[in-house]
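Peer 1: As input, take upload27.cif (mmCIF, C-alpha atoms):
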data_target
loop_
_atom_site.label_atom_id
_atom_site.label_comp_id
_atom_site.auth_asym_id
_atom_site.auth_seq_id
_atom_site.Cartn_x
_atom_site.Cartn_y
_atom_site.Cartn_z
CA MET A 175 0.00 0.00 0.00
CA VAL A 176 1.34 3.44 -0.94
CA ASP A 177 1.23 6.17 1.71
CA ASP A 178 -0.77 9.24 0.58
CA LYS A 179 2.09 11.45 1.74
CA THR A 180 4.34 9.98 -0.90
CA LYS A 181 1.76 9.47 -3.67
CA ARG A 182 2.91 10.83 -6.99
CA LEU A 183 0.60 12.56 -9.46
CA SER A 184 1.15 12.65 -13.20
CA VAL A 185 0.37 16.16 -14.47
CA TYR A 186 0.42 17.25 -18.12
CA LEU A 187 2.00 20.65 -18.72
CA PRO A 188 1.82 22.38 -22.11
CA GLU A 189 5.23 22.94 -23.70
CA LYS A 190 5.03 26.72 -23.23
CA VAL A 191 4.32 26.26 -19.50
CA LYS A 192 7.27 23.87 -19.19
CA ILE A 193 9.59 26.41 -20.83
CA ASP A 194 8.37 29.25 -18.58
CA LEU A 195 8.60 27.04 -15.49
CA GLU A 196 12.15 26.02 -16.36
CA ALA A 197 13.11 29.66 -16.82
CA MET A 198 11.61 30.49 -13.40
CA ALA A 199 13.56 27.62 -11.85
CA ASN A 200 16.79 28.91 -13.35
CA ASP A 201 16.06 32.44 -12.11
CA THR A 202 15.16 31.41 -8.54
CA GLY A 203 17.50 28.48 -7.98
CA LEU A 204 14.53 26.30 -7.01
CA SER A 205 13.65 23.07 -8.74
CA MET A 206 10.63 22.79 -11.02
CA THR A 207 9.10 20.35 -8.53
CA GLN A 208 9.53 22.81 -5.66
CA LEU A 209 7.86 25.55 -7.72
CA ILE A 210 4.92 23.30 -8.55
CA VAL A 211 4.50 22.33 -4.88
CA MET A 212 4.61 26.00 -3.83
CA ALA A 213 2.06 26.92 -6.49
CA THR A 214 -0.21 24.11 -5.32
CA HIS A 215 -0.03 25.28 -1.71
CA GLY A 216 -0.85 28.79 -2.87
CA LEU A 217 -3.85 27.52 -4.83
CA LEU A 218 -5.16 25.57 -1.83
CA SER A 219 -4.76 28.56 0.50
CA ASN A 220 -6.53 30.82 -1.98
CA TYR A 221 -9.36 28.32 -2.29
CA LYS A 222 -9.79 28.17 1.50
CA LEU A 223 -10.06 31.96 1.64
CA ASN A 224 -12.18 32.65 -1.45
CA GLY A 225 -13.81 29.39 -2.40
CA GLY A 226 -14.93 28.65 -5.93
CA GLN A 227 -14.81 32.34 -6.91
CA ILE A 228 -11.16 31.89 -7.85
CA PHE A 229 -12.25 29.56 -10.63
CA ALA A 230 -14.84 32.05 -11.82
CA ASP A 231 -12.03 34.58 -12.20
CA LEU A 232 -10.02 32.00 -14.12
CA VAL A 233 -12.92 31.39 -16.51
CA THR A 234 -13.25 35.15 -17.05
CA THR A 235 -9.53 35.38 -17.81
CA THR A 236 -9.82 32.46 -20.25
CA LYS A 237 -12.71 34.15 -22.00
CA ARG A 238 -10.69 37.34 -22.30
CA SER A 239 -7.83 35.32 -23.77
CA GLU A 240 -10.19 33.68 -26.25
CA SER A 241 -11.55 37.10 -27.19
CA PHE A 242 -8.01 38.33 -27.83
CA THR A 243 -7.27 35.24 -29.94
CA ASP A 244 -10.43 35.89 -31.94
CA LYS A 245 -9.29 39.46 -32.58
CA ILE A 246 -5.89 38.26 -33.80
CA ALA A 247 -7.58 35.77 -36.16
CA ALA A 248 -9.90 38.52 -37.43
CA ALA A 249 -6.93 40.82 -38.07
CA HIS A 250 -5.16 38.12 -40.10
CA SER A 251 -8.39 37.60 -42.06
CA GLU A 252 -8.61 41.33 -42.85
CA ASP A 253 -4.98 41.38 -44.03
CA SER A 254 -5.65 38.38 -46.27
CA LYS A 255 -8.79 39.96 -47.76
CA MET A 256 -6.90 43.19 -48.44
CA ARG A 257 -4.08 41.36 -50.23
CA ASP A 258 -6.54 39.36 -52.32
CA TYR A 259 -8.47 42.49 -53.27
CA TYR A 260 -5.44 44.46 -54.44
CA GLY A 261 -4.10 41.45 -56.29
CA ALA A 262 -7.37 41.20 -58.20
CA ARG A 263 -7.53 44.98 -58.68
CA ALA A 264 -3.99 45.43 -60.00
CA GLU A 265 -4.92 45.87 -63.66
CA GLU A 266 -7.49 48.59 -63.00
CA TYR A 267 -5.91 50.32 -59.99
CA GLU A 268 -4.58 53.50 -61.63
CA ALA A 269 -7.97 54.31 -63.17
CA ILE A 270 -8.87 56.03 -59.88
CA TYR A 271 -6.40 58.81 -60.69
CA HIS A 272 -8.14 59.71 -63.95
CA ARG A 273 -11.44 60.85 -62.46
CA ASP A 274 -13.08 63.56 -64.57
CA ASP A 275 -13.36 66.12 -61.79
CA PRO A 276 -11.40 69.42 -61.91
CA ASN A 277 -11.23 69.84 -58.12
CA TYR A 278 -10.09 66.24 -57.71
CA GLN A 279 -7.36 66.70 -60.32
CA GLN A 280 -6.27 69.99 -58.77
CA GLU A 281 -5.77 68.35 -55.37
CA LEU A 282 -4.01 65.40 -57.01
CA SER A 283 -1.57 67.84 -58.62
CA LEU A 284 -1.03 69.48 -55.23
CA LEU A 285 -0.05 66.12 -53.73
CA ARG A 286 2.29 65.32 -56.61
CA ASN A 287 4.00 68.72 -56.66
CA THR A 288 4.41 68.82 -52.88
CA LEU A 289 5.84 65.31 -52.85
CA GLN A 290 8.30 66.00 -55.65
CA SER A 291 9.59 69.13 -53.94
CA LEU A 292 10.06 67.27 -50.64
CA THR A 293 11.88 64.27 -52.14
CA LYS A 294 14.48 66.16 -54.13
CA ASN A 295 17.83 64.39 -53.70
CA LYS A 296 16.43 62.15 -50.95
CA SER A 297 16.71 58.41 -50.39
CA VAL A 298 13.06 57.34 -50.35
CA LEU A 299 11.32 54.28 -48.94
CA GLU A 300 7.75 53.90 -50.22
CA ILE A 301 5.38 51.56 -48.37
CA ALA A 302 2.53 49.91 -50.34
CA CYS A 303 3.89 51.28 -53.61
CA GLY A 304 1.29 49.40 -55.64
CA THR A 305 1.66 49.74 -59.39
CA GLY A 306 4.23 52.52 -59.03
CA TYR A 307 2.01 55.51 -59.75
CA TRP A 308 3.57 57.65 -57.02
CA SER A 309 6.94 55.95 -57.41
CA GLN A 310 7.11 57.31 -60.94
CA ALA A 311 6.59 60.86 -59.71
CA VAL A 312 9.15 60.52 -56.91
CA ALA A 313 11.78 58.88 -59.13
CA GLU A 314 12.06 62.14 -61.08
CA THR A 315 13.49 63.97 -58.06
CA ALA A 316 14.81 61.37 -55.58
CA ALA A 317 18.45 60.29 -55.40
CA ARG A 318 17.50 56.72 -54.47
CA PHE A 319 14.16 54.95 -54.26
CA VAL A 320 12.91 51.61 -52.89
CA GLY A 321 9.24 50.67 -53.30
CA VAL A 322 7.71 47.90 -51.20
CA ASP A 323 4.44 46.03 -51.68
CA ILE A 324 3.15 42.65 -50.56
CA ARG A 325 1.46 41.78 -53.88
CA PRO A 326 3.74 40.37 -56.63
CA GLU A 327 1.20 41.39 -59.31
CA VAL A 328 1.55 45.10 -58.59
CA ILE A 329 5.32 44.85 -58.12
CA GLN A 330 5.59 43.46 -61.65
CA MET A 331 3.48 46.34 -62.98
CA ALA A 332 5.68 48.86 -61.14
CA LYS A 333 8.81 47.29 -62.61
CA ALA A 334 7.26 47.49 -66.07
CA LYS A 335 7.34 51.29 -65.85
CA ASN A 336 11.07 50.98 -66.57
CA LEU A 337 12.19 53.59 -64.09
CA PRO A 338 15.97 54.22 -63.88
CA PRO A 339 17.44 50.93 -62.55
CA ASP A 340 20.49 52.68 -61.12
CA LYS A 341 18.37 54.37 -58.47
CA VAL A 342 14.94 52.65 -58.39
CA THR A 343 14.22 49.23 -56.84
CA PHE A 344 10.93 47.42 -56.23
CA VAL A 345 10.71 44.57 -53.73
CA GLU A 346 8.04 42.39 -52.18
CA GLY A 347 7.61 43.07 -48.49
CA ASP A 348 5.20 43.38 -45.59
CA ALA A 349 4.36 46.91 -44.38
CA TYR A 350 4.22 45.60 -40.80
CA ASN A 351 7.57 43.82 -40.98
CA LEU A 352 10.21 45.91 -42.74
CA GLU A 353 13.34 44.46 -41.12
CA SER A 354 14.24 42.59 -44.30
CA ILE A 355 14.43 45.81 -46.34
CA GLU A 356 18.08 46.70 -46.75
CA GLY A 357 19.44 50.13 -45.87
CA SER A 358 18.12 53.23 -44.14
CA PHE A 359 16.35 56.20 -45.70
CA ASP A 360 15.94 59.90 -45.10
CA PHE A 361 12.41 60.04 -46.54
CA GLY A 362 9.40 57.80 -45.96
CA LEU A 363 6.33 57.68 -48.20
CA ALA A 364 3.01 55.86 -47.79
CA ASN A 365 0.26 57.05 -50.11
CA PHE A 366 -3.26 55.60 -50.00
CA TRP A 367 -2.28 52.88 -47.57
CA PHE A 368 -3.00 54.47 -44.21
CA SER A 369 -6.79 54.13 -44.54
CA HIS A 370 -6.37 50.36 -44.82
CA ILE A 371 -4.53 50.01 -41.50
CA PRO A 372 -6.70 48.68 -38.64
CA LYS A 373 -6.80 51.39 -35.98
CA ASN A 374 -5.25 49.08 -33.39
CA LYS A 375 -2.22 48.55 -35.67
CA ILE A 376 -1.43 52.21 -36.45
CA GLU A 377 1.17 52.59 -33.70
CA HIS A 378 2.78 49.28 -34.69
CA PHE A 379 3.00 50.35 -38.33
CA LEU A 380 4.38 53.84 -37.65
CA SER A 381 6.96 52.56 -35.17
CA GLY A 382 8.25 49.94 -37.62
CA PHE A 383 8.19 52.43 -40.51
CA HIS A 384 10.17 55.01 -38.56
CA ARG A 385 12.80 52.44 -37.56
CA LYS A 386 13.78 52.17 -41.23
CA LEU A 387 14.35 55.91 -41.43
CA LEU A 388 17.43 57.90 -40.42
CA PRO A 389 17.29 60.42 -37.56
CA GLY A 390 15.64 63.61 -38.76
CA ALA A 391 14.03 61.89 -41.76
CA ASN A 392 10.89 63.32 -43.36
CA VAL A 393 7.63 61.47 -43.93
CA PHE A 394 4.75 62.11 -46.33
CA ILE A 395 1.48 60.19 -46.06
CA ALA A 396 -1.64 60.90 -48.12
CA ASP A 397 -5.06 59.31 -48.40
CA ASN A 398 -8.73 59.84 -49.19
CA VAL A 399 -11.25 62.14 -47.57
CA TYR A 400 -14.68 60.55 -47.23
CA VAL A 401 -16.99 61.63 -50.05
CA PRO A 402 -20.51 60.11 -49.89
CA GLY A 403 -21.19 57.80 -52.83
CA ARG A 404 -17.58 57.68 -54.03
CA GLY A 405 -15.56 54.46 -54.07
CA GLY A 406 -18.32 52.05 -53.11
CA GLU A 407 -20.75 51.66 -50.22
CA TRP A 408 -19.36 52.73 -46.85
CA ILE A 409 -20.05 50.18 -44.10
CA VAL A 410 -20.07 50.96 -40.39
CA LYS A 411 -20.25 47.99 -38.01
CA GLU A 412 -21.45 48.27 -34.41
CA ASP A 413 -18.83 45.85 -33.12
CA SER A 414 -15.83 47.37 -34.93
CA GLU A 415 -13.85 50.58 -34.50
CA ASP A 416 -12.85 50.22 -38.15
CA THR A 417 -15.07 50.98 -41.13
CA TYR A 418 -15.28 49.26 -44.50
CA LYS A 419 -16.05 49.76 -48.18
CA LEU A 420 -17.94 47.38 -50.44
CA ARG A 421 -16.34 47.56 -53.87
CA GLU A 422 -17.05 45.89 -57.18
CA LEU A 423 -14.30 45.22 -59.71
CA ALA A 424 -14.59 45.13 -63.48
CA ASP A 425 -14.97 41.33 -63.41
CA GLY A 426 -18.09 41.68 -61.26
CA SER A 427 -16.48 40.38 -58.06
CA ARG A 428 -17.45 42.20 -54.87
CA HIS A 429 -15.02 42.84 -52.03
CA GLU A 430 -15.53 44.22 -48.54
CA ILE A 431 -12.28 45.95 -47.54
CA LEU A 432 -11.20 47.87 -44.48
CA LYS A 433 -11.25 51.61 -45.18
CA ASN A 434 -10.95 54.20 -42.41
CA TYR A 435 -11.43 57.94 -42.88
CA TYR A 436 -10.04 60.73 -40.70
CA ASP A 437 -10.69 64.42 -40.15
CA TYR A 438 -8.14 67.11 -39.30
CA ASP A 439 -8.34 66.69 -35.52
CA GLU A 440 -8.06 62.90 -35.70
CA LEU A 441 -4.99 63.10 -37.94
CA ARG A 442 -3.36 65.60 -35.60
CA GLU A 443 -4.01 63.33 -32.61
CA ILE A 444 -2.56 60.29 -34.41
CA PHE A 445 0.63 61.83 -35.79
CA LYS A 446 1.56 64.47 -33.21
CA PRO A 447 3.22 61.99 -30.78
CA PHE A 448 5.44 60.62 -33.58
CA SER A 449 6.51 63.85 -35.22
CA SER A 450 7.90 67.34 -35.16
CA ASP A 451 7.14 70.06 -37.73
CA LEU A 452 3.78 68.40 -38.41
CA LYS A 453 1.97 69.86 -41.41
CA LEU A 454 -1.61 68.86 -42.18
CA TYR A 455 -3.73 69.38 -45.25
CA VAL A 456 -7.34 68.23 -45.58
CA GLY A 457 -9.06 69.00 -48.85
CA SER A 458 -12.32 67.91 -50.44
CA SER A 459 -10.88 64.68 -51.91
CA PHE A 460 -7.51 64.06 -50.22
CA TRP A 461 -5.55 64.69 -47.04
CA TYR A 462 -1.85 64.57 -46.42
CA VAL A 463 0.52 64.83 -43.47
CA SER A 464 4.14 65.87 -43.73
CA TYR A 465 6.49 65.73 -40.75
CA THR A 466 9.94 65.08 -39.37
CA VAL A 467 10.29 61.87 -37.37
CA ALA A 468 10.52 62.80 -33.69
#
Mind turning the file's structure into structure tokens?
Peer 2:
Amino acid sequence: MVDDKTKRLSVYLPEKVKIDLEAMANDTGLSMTQLIVMATHGLLSNYKLNGGQIFADLVTTTKRSESFTDKIAAAHSEDSKMRDYYGARAEEYEAIYHRDDPNYQQELSLLRNTLQSLTKNKSVLEIACGTGYWSQAVAETAARFVGVDIRPEVIQMAKAKNLPPDKVTFVEGDAYNLESIEGSFDFGLANFWFSHIPKNKIEHFLSGFHRKLLPGANVFIADNVYVPGRGGEWIVKEDSEDTYKLRELADGSRHEILKNYYDYDELREIFKPFSSDLKLYVGSSFWYVSYTVA
């Protein structure tokens, strides 16, 4: 007969828990067994004081964890839908810049002229370069240019513009993970990408973007102002801080994509902590921010 005092229990521990427990043992000088015994005593004491409520708290924590996991899965789904949409839209993307609207074209010229004046003799990193529409404008004035996009279809179209190979490079890359991009830059560009960033990933994007830029580098970011009826049906969801657009491509396929719009005060609140010399423009069709990385 085995004495209860010496009875051994077989307990399954997930691999992550084992790794963390081993690290704790190394830090404290205690054995993993000692730590488990101490944790068990703590659990029993807590149960004597608070009863089954401690398990209710555990369930609540688990539910919060599941909710967080769901949010991560949803974010990956949004990223996937966005990539699929722009892959399918590649052939017709630049048509948006040929809208027959004098005010629209005037603001578009303002963006282009401002950008070209700011990038003169600069080394430029463009995020979400797409088919190279803005790359083409910047290549006229920049000393060096690297355009990054996650879709190979649009990268191929950008390369087909035959911009000067001695100073222009296009590469596939993830806007949220730029470590693989070689070199540092004194100018950062991200046109018509910011509205597709989930609001809870803005800080992550800007921090990673700025890490690829040299101290004192300049940044230019432009995007759309909300115009009712333009660019598809605007969708607001009660359970989401982000908004969406329902768009139909020339092949008849319909895509719901993340599309956030911002006013002057919202843009100022977002970019002020990351910048100095912040300049803001909000027109009837487009907005842009220009700043020095703080």
Peer 1: Would you kindly return, as an NGL selection string, each protein, DNA or RNA residue with an atom no farther than 8 Å from any atom of region 415-426 of chain A, considering all atoms listed in the file and excluding same-chain residues fewer than 5 positions away?
Peer 2: :A and (263 or 266 or 372-373 or 405-410 or 431-434)
Peer 1: Figure out the distance between CA of Ile444 (chain A) and CA of Glu377 (chain A), please, to one decimal in Å.
Peer 2: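 Distance reported for this atom pair: 8.6 Å.
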Peer 1: Please identify all polymer residues lying at most 12 Å from the point (14.9, 54.1, -50.1) (file coordinates), using all atoms listed in the file, and present the result as number ranges by chain.
Peer 2: A: 293, 295-301, 303, 309, 312-313, 316-322, 341-345, 352, 355-363, 383, 386-388, 391
Peer 1: For CA of Arg442 (chain A) and CA of Ser381 (chain A), quote the distance in Å rounded to one decimal.
Peer 2: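 Separation of CA of Arg442 (chain A) and CA of Ser381 (chain A): 16.6 Å.
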Peer 1: Given the choices A:Leu284, A:Leu209, A:Leu337, A:Leu452, which gets closest to Asn392 (chain A) if the distance is worked out from only C-alpha atoms?
Peer 2: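 Selected residue with least distance to Asn392 (chain A): A:Leu452.
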